[in-house]
$ cat data15.csv   # CSV, C-alpha atoms
chain,number,residue,atom,x,y,z
A,148,MET,CA,-51.8,120.0,214.4
A,149,ALA,CA,-48.6,120.0,216.6
A,150,ALA,CA,-45.2,120.4,215.0
A,151,SER,CA,-44.3,116.8,215.6
A,152,GLY,CA,-47.5,115.7,213.9
A,153,LYS,CA,-46.9,117.8,210.9
A,154,PHE,CA,-43.4,116.5,210.7
A,155,THR,CA,-44.6,112.9,210.7
A,156,VAL,CA,-47.2,113.6,208.0
A,157,LEU,CA,-44.6,115.3,205.9
A,158,ALA,CA,-42.2,112.3,206.2
A,159,ARG,CA,-45.0,110.0,205.1
A,160,GLN,CA,-45.8,112.2,202.1
A,161,LEU,CA,-42.2,112.1,201.0
A,162,SER,CA,-41.7,108.4,201.6
A,163,THR,CA,-42.0,105.9,198.7
A,164,SER,CA,-42.2,102.9,200.9
A,165,SER,CA,-44.9,101.3,203.0
A,166,ALA,CA,-42.3,100.8,205.8
A,167,ALA,CA,-43.1,101.6,209.4
A,168,ALA,CA,-44.1,105.2,209.9
A,169,GLN,CA,-41.5,105.7,212.7
A,170,LEU,CA,-39.2,108.7,211.8
A,171,VAL,CA,-35.5,108.3,211.3
A,172,LYS,CA,-33.9,110.9,213.4
A,173,PRO,CA,-31.2,113.0,211.6
A,174,PRO,CA,-27.7,113.1,213.0
A,175,VAL,CA,-27.8,116.9,213.5
A,176,GLN,CA,-30.7,119.3,214.2
A,177,VAL,CA,-31.7,121.8,211.6
A,178,PHE,CA,-34.4,124.4,212.3
A,179,GLY,CA,-37.0,126.4,210.5
A,180,LEU,CA,-39.3,125.4,207.6
A,181,GLU,CA,-36.2,124.3,205.5
A,182,GLY,CA,-35.1,122.1,208.4
A,183,ARG,CA,-38.5,120.4,208.7
A,184,TYR,CA,-38.6,119.5,205.0
A,185,ALA,CA,-34.9,118.4,205.0
A,186,CYS,CA,-35.4,116.2,208.1
A,187,ALA,CA,-38.5,114.6,206.6
A,188,LEU,CA,-36.7,113.9,203.4
A,189,TYR,CA,-33.8,112.4,205.3
A,190,SER,CA,-36.2,110.1,207.1
A,191,ALA,CA,-37.9,109.0,203.9
A,192,ALA,CA,-34.7,108.5,202.0
A,193,SER,CA,-33.0,106.7,204.8
A,194,LYS,CA,-35.9,104.2,205.1
A,195,ASN,CA,-35.6,103.5,201.3
A,196,LYS,CA,-31.8,103.4,201.5
A,197,VAL,CA,-31.4,106.1,198.8
A,198,LEU,CA,-29.7,108.9,200.8
A,199,ASP,CA,-26.7,109.2,198.5
A,200,VAL,CA,-28.9,109.1,195.4
A,201,VAL,CA,-31.2,111.9,196.7
A,202,GLU,CA,-28.3,114.0,197.7
A,203,LYS,CA,-26.8,113.7,194.2
A,204,ASP,CA,-30.2,114.7,192.7
A,205,LEU,CA,-30.5,117.7,194.9
A,206,THR,CA,-26.9,118.9,194.5
A,207,GLY,CA,-27.3,118.8,190.7
A,208,LEU,CA,-30.6,120.6,190.9
A,209,GLN,CA,-29.2,123.3,193.2
A,210,THR,CA,-26.4,123.9,190.7
A,211,GLN,CA,-29.0,124.4,188.0
A,212,MET,CA,-31.0,126.7,190.1
A,213,ARG,CA,-28.0,128.9,190.8
A,214,THR,CA,-26.6,129.0,187.2
A,215,ASP,CA,-29.7,128.7,185.0
A,216,PRO,CA,-32.2,131.7,185.2
A,217,LYS,CA,-34.9,129.7,183.4
A,218,VAL,CA,-34.9,127.0,186.0
A,219,ARG,CA,-34.9,129.6,188.8
A,220,GLU,CA,-37.8,131.4,187.2
A,221,LEU,CA,-39.8,128.2,186.7
A,222,LEU,CA,-39.5,127.4,190.4
A,223,ARG,CA,-40.1,130.8,191.8
A,224,ASP,CA,-42.7,132.3,189.4
A,225,PRO,CA,-45.7,133.2,191.6
A,226,THR,CA,-48.1,133.6,188.6
A,227,THR,CA,-48.0,129.9,187.7
A,228,LYS,CA,-50.6,127.8,189.5
A,229,ARG,CA,-49.4,125.3,192.1
A,230,THR,CA,-51.1,122.4,190.4
A,231,VAL,CA,-49.4,123.3,187.1
A,232,LYS,CA,-46.0,123.5,188.7
A,233,ALA,CA,-46.6,120.2,190.5
A,234,SER,CA,-47.6,118.4,187.3
A,235,ALA,CA,-44.6,120.0,185.4
A,236,LEU,CA,-42.1,118.9,188.1
A,237,LYS,CA,-43.5,115.4,188.1
A,238,ASP,CA,-42.9,115.1,184.4
A,239,VAL,CA,-39.4,116.7,184.7
A,240,SER,CA,-38.5,114.3,187.6
A,241,ALA,CA,-39.5,111.3,185.5
A,242,LYS,CA,-37.6,112.6,182.4
A,243,ILE,CA,-34.4,113.4,184.4
A,244,LYS,CA,-34.9,110.1,186.3
A,245,TYR,CA,-34.8,111.7,189.7
A,246,ASN,CA,-35.3,109.3,192.6
A,247,ALA,CA,-38.9,109.0,193.7
A,248,ALA,CA,-38.2,110.7,197.0
A,249,THR,CA,-36.7,113.7,195.2
A,250,GLY,CA,-39.7,113.9,192.9
A,251,ASN,CA,-42.1,113.6,195.8
A,252,LEU,CA,-40.3,116.5,197.5
A,253,LEU,CA,-40.6,118.8,194.5
A,254,GLN,CA,-44.3,118.0,194.0
A,255,LEU,CA,-45.0,118.6,197.6
A,256,LEU,CA,-43.2,121.9,197.6
A,257,ALA,CA,-45.1,123.0,194.5
A,258,GLU,CA,-48.5,122.0,196.0
A,259,ASN,CA,-47.7,123.8,199.2
A,260,GLY,CA,-46.3,126.9,197.5
A,261,ARG,CA,-42.9,126.4,199.0
A,262,LEU,CA,-40.6,126.1,195.9
A,263,ALA,CA,-39.0,129.5,196.7
A,264,ARG,CA,-37.5,127.8,199.8
A,265,LEU,CA,-36.0,124.9,197.8
A,266,ASP,CA,-32.4,126.2,197.8
A,267,GLY,CA,-32.5,126.5,201.6
A,268,ILE,CA,-34.0,123.0,202.0
A,269,ILE,CA,-31.3,121.5,199.8
A,270,SER,CA,-28.6,123.2,201.9
A,271,ALA,CA,-30.2,121.9,205.1
A,272,PHE,CA,-30.3,118.4,203.6
A,273,GLN,CA,-26.6,118.7,202.6
A,274,LEU,CA,-25.8,119.7,206.2
A,275,ILE,CA,-27.6,116.6,207.5
A,276,MET,CA,-25.8,114.4,205.0
A,277,ALA,CA,-22.4,115.8,206.0
A,278,ALA,CA,-23.1,115.0,209.6
A,279,ASP,CA,-24.3,111.5,208.6
A,280,ARG,CA,-20.8,111.0,207.1
A,281,GLY,CA,-19.1,112.4,210.2
A,282,GLU,CA,-18.2,115.7,208.5
A,283,VAL,CA,-18.5,119.0,210.2
A,284,VAL,CA,-19.5,121.8,207.7
A,285,CYS,CA,-17.4,124.9,208.1
A,286,GLU,CA,-18.0,128.1,206.1
A,287,VAL,CA,-15.3,130.8,206.0
A,288,THR,CA,-15.9,134.2,204.4
A,289,THR,CA,-13.0,136.5,203.7
A,290,ALA,CA,-12.5,139.8,202.0
A,291,LYS,CA,-10.0,138.2,199.5
A,292,PRO,CA,-9.7,134.6,198.3
A,293,LEU,CA,-7.6,132.3,200.5
A,294,ASP,CA,-4.4,130.8,198.9
A,295,ASP,CA,-3.6,127.1,199.3
A,296,GLY,CA,-1.3,127.8,202.3
A,297,GLN,CA,-3.9,129.9,204.2
A,298,ARG,CA,-6.6,127.3,203.5
A,299,LYS,CA,-4.5,124.5,204.9
A,300,GLN,CA,-3.5,126.5,207.9
A,301,LEU,CA,-7.1,127.4,208.6
A,302,GLU,CA,-8.2,123.7,208.2
A,303,ASN,CA,-5.6,122.6,210.7
A,304,ALA,CA,-6.7,125.3,213.2
A,305,LEU,CA,-10.4,124.4,212.9
A,306,LYS,CA,-9.7,120.7,213.4
A,307,ALA,CA,-9.2,121.6,217.1
A,308,PHE,CA,-13.0,122.0,217.4
A,309,LEU,CA,-13.6,118.4,216.1
A,310,LYS,CA,-14.1,115.1,217.7
A,311,PRO,CA,-11.5,112.3,216.7
A,312,SER,CA,-14.2,110.6,214.5
A,313,GLU,CA,-15.1,113.8,212.6
A,314,SER,CA,-13.6,115.4,209.5
A,315,ILE,CA,-14.0,119.0,208.3
A,316,LYS,CA,-15.8,120.1,205.1
A,317,LEU,CA,-14.6,123.6,204.4
A,318,THR,CA,-16.3,126.0,202.1
A,319,ALA,CA,-14.6,129.3,201.4
A,320,LYS,CA,-16.5,132.4,200.2
A,321,VAL,CA,-15.4,135.9,199.3
A,322,ASP,CA,-17.1,139.1,200.4
A,323,SER,CA,-15.2,142.4,199.8
A,324,ALA,CA,-17.5,144.2,202.2
A,325,LEU,CA,-15.7,142.5,205.1
A,326,ILE,CA,-12.6,144.8,204.3
A,327,GLY,CA,-10.3,142.3,206.1
A,328,GLY,CA,-10.3,139.5,208.6
A,329,MET,CA,-12.9,136.7,208.3
A,330,VAL,CA,-16.2,135.3,209.4
A,331,VAL,CA,-16.3,131.6,210.4
A,332,SER,CA,-19.2,129.3,211.1
A,333,ILE,CA,-18.4,125.7,212.1
A,334,GLY,CA,-21.3,123.5,213.2
A,335,ASP,CA,-23.5,125.6,215.4
A,336,LYS,CA,-20.7,128.1,216.3
A,337,TYR,CA,-20.3,131.5,214.6
A,338,VAL,CA,-17.4,133.9,215.0
A,339,ASP,CA,-17.2,137.3,213.3
A,340,MET,CA,-13.5,138.5,213.1
A,341,SER,CA,-14.0,140.8,210.2
A,342,VAL,CA,-12.7,144.4,210.1
A,343,ALA,CA,-16.1,145.6,209.0
A,344,SER,CA,-17.7,144.2,212.2
A,345,LYS,CA,-15.0,146.0,214.3
A,346,ILE,CA,-15.6,149.3,212.5
A,347,LYS,CA,-19.4,148.9,213.1
A,348,LYS,CA,-18.8,148.2,216.8
A,349,TYR,CA,-16.5,151.2,217.2
A,350,THR,CA,-18.9,153.5,215.2
A,351,GLU,CA,-21.8,152.5,217.5
A,352,LEU,CA,-19.6,153.2,220.6
A,353,ILE,CA,-18.7,156.6,219.2
A,354,ALA,CA,-22.3,157.4,218.5
A,355,LEU,CA,-23.4,156.7,222.1
A,356,PRO,CA,-24.2,159.9,224.1
A,357,VAL,CA,-21.6,160.9,226.6
$ encode --input "data15.csv" --output "structure tokens"
Amino acid sequence: MAASGKFTVLARQLSTSSAAAQLVKPPVQVFGLEGRYACALYSAASKNKVLDVVEKDLTGLQTQMRTDPKVRELLRDPTTKRTVKASALKDVSAKIKYNAATGNLLQLLAENGRLARLDGIISAFQLIMAADRGEVVCEVTTAKPLDDGQRKQLENALKAFLKPSESIKLTAKVDSALIGGMVVSIGDKYVDMSVASKIKKYTELIALPV
């Protein structure tokens, strides 16, 4: 089956409505397996007018996955049968009162053995939702935490990349391995201005035969 055909089937499986099968195109392209699931979920949730509800479900679930080892283990344990996981997640979804589209996604991932990719799928869906609101997701990684003044200065500089109708959604991370400088990704652009990357570049140049 062609990729577009698989995408359509996936969107139908996630949909809780008997509305027309035509896909709702996301406002931004996301790629890979995570992107396909996220786009299909966006289409299904858009048709049912539950985008915000589904995003809230998934954001809460992602927080649990990252902070609760038991939840992480349940989702990623390869020894548990797919059918058992699907049934368990159906019950959990009903108990927590997840939206039907969210529950359908979890069951489908369990049945397809893709629950280990859930965190990436949620991040891809959040990227689509940010674009839906006119936000441009920007991730900045520095060796030390940014103070309020540095963050504000960086936000103002990054706004130069935006269209008048867009706003920036900045996420700051810390990675001491960078040594200094920063790594910035904004939309589909990526810039590595870290000291670590410069050292690596110079080391490779020095290692070249004369």
$ closest_residue --input "data15.csv" --among "A:Gly179, A:Pro311, A:Gly267, A:Gly328" --to "Thr289 in chain A" --atoms "all atoms listed in the file"
A:Gly328
$ atom_distance --input "data15.csv" --atom1 "CA of Leu256 in chain A" --atom2 "CA of Val284 in chain A"
25.8 Å
$ atom_distance --input "data15.csv" --atom1 "CA of Thr230 in chain A" --atom2 "CA of Ala257 in chain A"
7.3 Å
$ closest_residue --input "data15.csv" --among "A:Glu220, A:Glu258, A:Glu286, A:Asp238" --to "Asp339 in chain A" --atoms "only C-alpha atoms"
A:Glu286
$ closest_residue --input "data15.csv" --among "A:Val218, A:Met276, A:Met340, A:Leu170" --to "Ala263 in chain A" --atoms "all atoms listed in the file"
A:Val218
$ atom_distance --input "data15.csv" --atom1 "CA of Ala277 in chain A" --atom2 "CA of Leu188 in chain A"
14.7 Å
$ residues_around --input "data15.csv" --residues "Lys310 in chain A" --least-positions-apart "5" --cutoff "12 Å" --atoms "only C-alpha atoms" --output "PDB file with C-alpha atoms, keeping the file's coordinate frame"
ATOM      1  CA  GLY A 281     -19.100 112.400 210.200  1.00  0.00           C
ATOM      2  CA  GLU A 282     -18.200 115.700 208.500  1.00  0.00           C
ATOM      3  CA  VAL A 283     -18.500 119.000 210.200  1.00  0.00           C
ATOM      4  CA  LEU A 305     -10.400 124.400 212.900  1.00  0.00           C
ATOM      5  CA  ILE A 315     -14.000 119.000 208.300  1.00  0.00           C
ATOM      6  CA  GLY A 334     -21.300 123.500 213.200  1.00  0.00           C
TER       7      GLY A 334
END
$ closest_residue --input "data15.csv" --among "A:Ser344, A:Thr249, A:Ile243, A:Pro356" --to "Glu202 in chain A" --atoms "all atoms listed in the file"
A:Thr249
$ closest_residue --input "data15.csv" --among "A:Ser190, A:Thr226, A:Ser314, A:Ser240" --to "Pro174 in chain A" --atoms "only C-alpha atoms"
A:Ser190
$ residues_around --input "data15.csv" --residues "Val321 in chain A" --least-positions-apart "2" --cutoff "8 Å" --atoms "all atoms listed in the file" --output "PyMOL selection string"
chain A and resi 288-292+319+323
$ closest_residue --input "data15.csv" --among "A:Ala191, A:Arg183, A:Leu198, A:Gly260" --to "Gln169 in chain A" --atoms "all atoms listed in the file"
A:Ala191
$ decode --input "data15.csv" --residues "range 315-351 of chain A" --atoms "N, CA, C and O atoms" --output "CSV table (one decimal), in the first residue's frame"
chain,number,residue,atom,x,y,z
A,315,ILE,N,6.4,33.5,18.7
A,315,ILE,CA,7.4,32.5,19.0
A,315,ILE,C,7.1,31.7,20.3
A,315,ILE,O,6.5,32.2,21.2
A,316,LYS,N,7.4,30.4,20.2
A,316,LYS,CA,7.2,29.5,21.4
A,316,LYS,C,8.6,29.0,21.7
A,316,LYS,O,9.0,28.0,21.1
A,317,LEU,N,9.2,29.6,22.7
A,317,LEU,CA,10.6,29.3,23.0
A,317,LEU,C,10.7,28.2,24.1
A,317,LEU,O,10.1,28.4,25.2
A,318,THR,N,11.5,27.2,23.9
A,318,THR,CA,11.8,26.2,24.9
A,318,THR,C,13.3,26.2,25.1
A,318,THR,O,14.1,26.1,24.1
A,319,ALA,N,13.7,26.3,26.3
A,319,ALA,CA,15.1,26.4,26.7
A,319,ALA,C,15.6,25.1,27.4
A,319,ALA,O,14.9,24.6,28.3
A,320,LYS,N,16.7,24.5,26.9
A,320,LYS,CA,17.3,23.3,27.5
A,320,LYS,C,18.7,23.6,27.9
A,320,LYS,O,19.3,24.5,27.3
A,321,VAL,N,19.2,22.8,28.8
A,321,VAL,CA,20.6,22.9,29.2
A,321,VAL,C,21.4,21.6,29.0
A,321,VAL,O,20.9,20.5,29.3
A,322,ASP,N,22.5,21.8,28.3
A,322,ASP,CA,23.4,20.6,28.1
A,322,ASP,C,24.9,21.1,28.3
A,322,ASP,O,25.4,21.8,27.5
A,323,SER,N,25.4,20.7,29.4
A,323,SER,CA,26.8,21.1,29.8
A,323,SER,C,27.8,20.7,28.8
A,323,SER,O,28.9,21.3,28.7
A,324,ALA,N,27.5,19.6,28.0
A,324,ALA,CA,28.5,19.1,27.0
A,324,ALA,C,28.8,20.1,25.9
A,324,ALA,O,29.8,20.0,25.2
A,325,LEU,N,27.9,21.2,25.8
A,325,LEU,CA,28.1,22.2,24.8
A,325,LEU,C,29.3,23.1,25.1
A,325,LEU,O,29.9,23.8,24.2
A,326,ILE,N,29.7,23.1,26.4
A,326,ILE,CA,30.8,23.9,26.9
A,326,ILE,C,30.4,25.4,27.0
A,326,ILE,O,30.6,26.1,27.9
A,327,GLY,N,30.0,25.9,25.8
A,327,GLY,CA,29.6,27.3,25.7
A,327,GLY,C,28.8,27.5,24.4
A,327,GLY,O,28.6,26.6,23.7
A,328,GLY,N,28.3,28.8,24.2
A,328,GLY,CA,27.5,29.0,23.0
A,328,GLY,C,26.2,28.4,23.1
A,328,GLY,O,25.6,28.2,24.2
A,329,MET,N,25.5,28.1,22.0
A,329,MET,CA,24.2,27.6,22.0
A,329,MET,C,23.9,26.8,20.7
A,329,MET,O,24.6,27.0,19.6
A,330,VAL,N,22.9,26.0,20.7
A,330,VAL,CA,22.3,25.3,19.6
A,330,VAL,C,20.9,25.8,19.4
A,330,VAL,O,20.1,25.7,20.4
A,331,VAL,N,20.5,26.3,18.3
A,331,VAL,CA,19.2,26.8,18.1
A,331,VAL,C,18.5,26.1,16.9
A,331,VAL,O,19.0,25.9,15.8
A,332,SER,N,17.2,25.7,17.2
A,332,SER,CA,16.4,25.2,16.1
A,332,SER,C,15.1,26.0,16.1
A,332,SER,O,14.5,26.1,17.1
A,333,ILE,N,14.7,26.5,14.9
A,333,ILE,CA,13.5,27.3,14.8
A,333,ILE,C,12.8,26.9,13.5
A,333,ILE,O,13.4,27.1,12.4
A,334,GLY,N,11.6,26.4,13.7
A,334,GLY,CA,10.9,25.8,12.5
A,334,GLY,C,11.8,24.7,11.9
A,334,GLY,O,12.1,23.8,12.6
A,335,ASP,N,12.1,24.8,10.6
A,335,ASP,CA,12.9,23.8,10.0
A,335,ASP,C,14.4,24.2,9.9
A,335,ASP,O,15.2,23.6,9.2
A,336,LYS,N,14.8,25.3,10.6
A,336,LYS,CA,16.2,25.8,10.6
A,336,LYS,C,16.9,25.3,11.8
A,336,LYS,O,16.3,25.2,12.9
A,337,TYR,N,18.2,25.0,11.6
A,337,TYR,CA,19.0,24.5,12.7
A,337,TYR,C,20.4,25.1,12.7
A,337,TYR,O,21.0,25.1,11.6
A,338,VAL,N,20.8,25.7,13.8
A,338,VAL,CA,22.1,26.4,13.8
A,338,VAL,C,22.9,25.9,15.1
A,338,VAL,O,22.4,26.0,16.2
A,339,ASP,N,24.1,25.4,14.9
A,339,ASP,CA,24.9,25.0,16.0
A,339,ASP,C,26.0,26.0,16.2
A,339,ASP,O,27.0,26.1,15.4
A,340,MET,N,25.9,26.8,17.2
A,340,MET,CA,26.9,27.8,17.6
A,340,MET,C,27.6,27.5,18.9
A,340,MET,O,28.1,28.4,19.6
A,341,SER,N,27.7,26.2,19.2
A,341,SER,CA,28.3,25.8,20.5
A,341,SER,C,29.8,25.7,20.4
A,341,SER,O,30.4,25.5,19.3
A,342,VAL,N,30.4,25.8,21.5
A,342,VAL,CA,31.9,25.7,21.6
A,342,VAL,C,32.3,24.3,21.2
A,342,VAL,O,33.3,24.0,20.5
A,343,ALA,N,31.5,23.3,21.7
A,343,ALA,CA,31.8,21.9,21.5
A,343,ALA,C,31.9,21.6,20.0
A,343,ALA,O,32.8,20.8,19.5
A,344,SER,N,31.0,22.2,19.2
A,344,SER,CA,31.0,21.9,17.7
A,344,SER,C,32.2,22.5,17.1
A,344,SER,O,32.8,21.9,16.1
A,345,LYS,N,32.7,23.7,17.6
A,345,LYS,CA,33.8,24.3,17.0
A,345,LYS,C,35.1,23.5,17.3
A,345,LYS,O,36.0,23.3,16.5
A,346,ILE,N,35.2,23.0,18.6
A,346,ILE,CA,36.3,22.1,19.0
A,346,ILE,C,36.3,20.9,18.1
A,346,ILE,O,37.4,20.5,17.6
A,347,LYS,N,35.2,20.3,17.9
A,347,LYS,CA,35.1,19.1,17.1
A,347,LYS,C,35.6,19.4,15.6
A,347,LYS,O,36.3,18.6,15.0
A,348,LYS,N,35.2,20.5,15.1
A,348,LYS,CA,35.5,20.9,13.8
A,348,LYS,C,37.1,21.1,13.7
A,348,LYS,O,37.7,20.6,12.7
A,349,TYR,N,37.6,21.8,14.6
A,349,TYR,CA,39.1,22.1,14.6
A,349,TYR,C,39.8,20.8,14.8
A,349,TYR,O,40.9,20.6,14.2
A,350,THR,N,39.3,19.9,15.7
A,350,THR,CA,40.0,18.6,15.9
A,350,THR,C,40.1,17.8,14.6
A,350,THR,O,41.1,17.2,14.3
A,351,GLU,N,38.9,17.8,13.9
A,351,GLU,CA,38.9,17.1,12.6
A,351,GLU,C,39.9,17.7,11.6
A,351,GLU,O,40.5,16.9,10.8
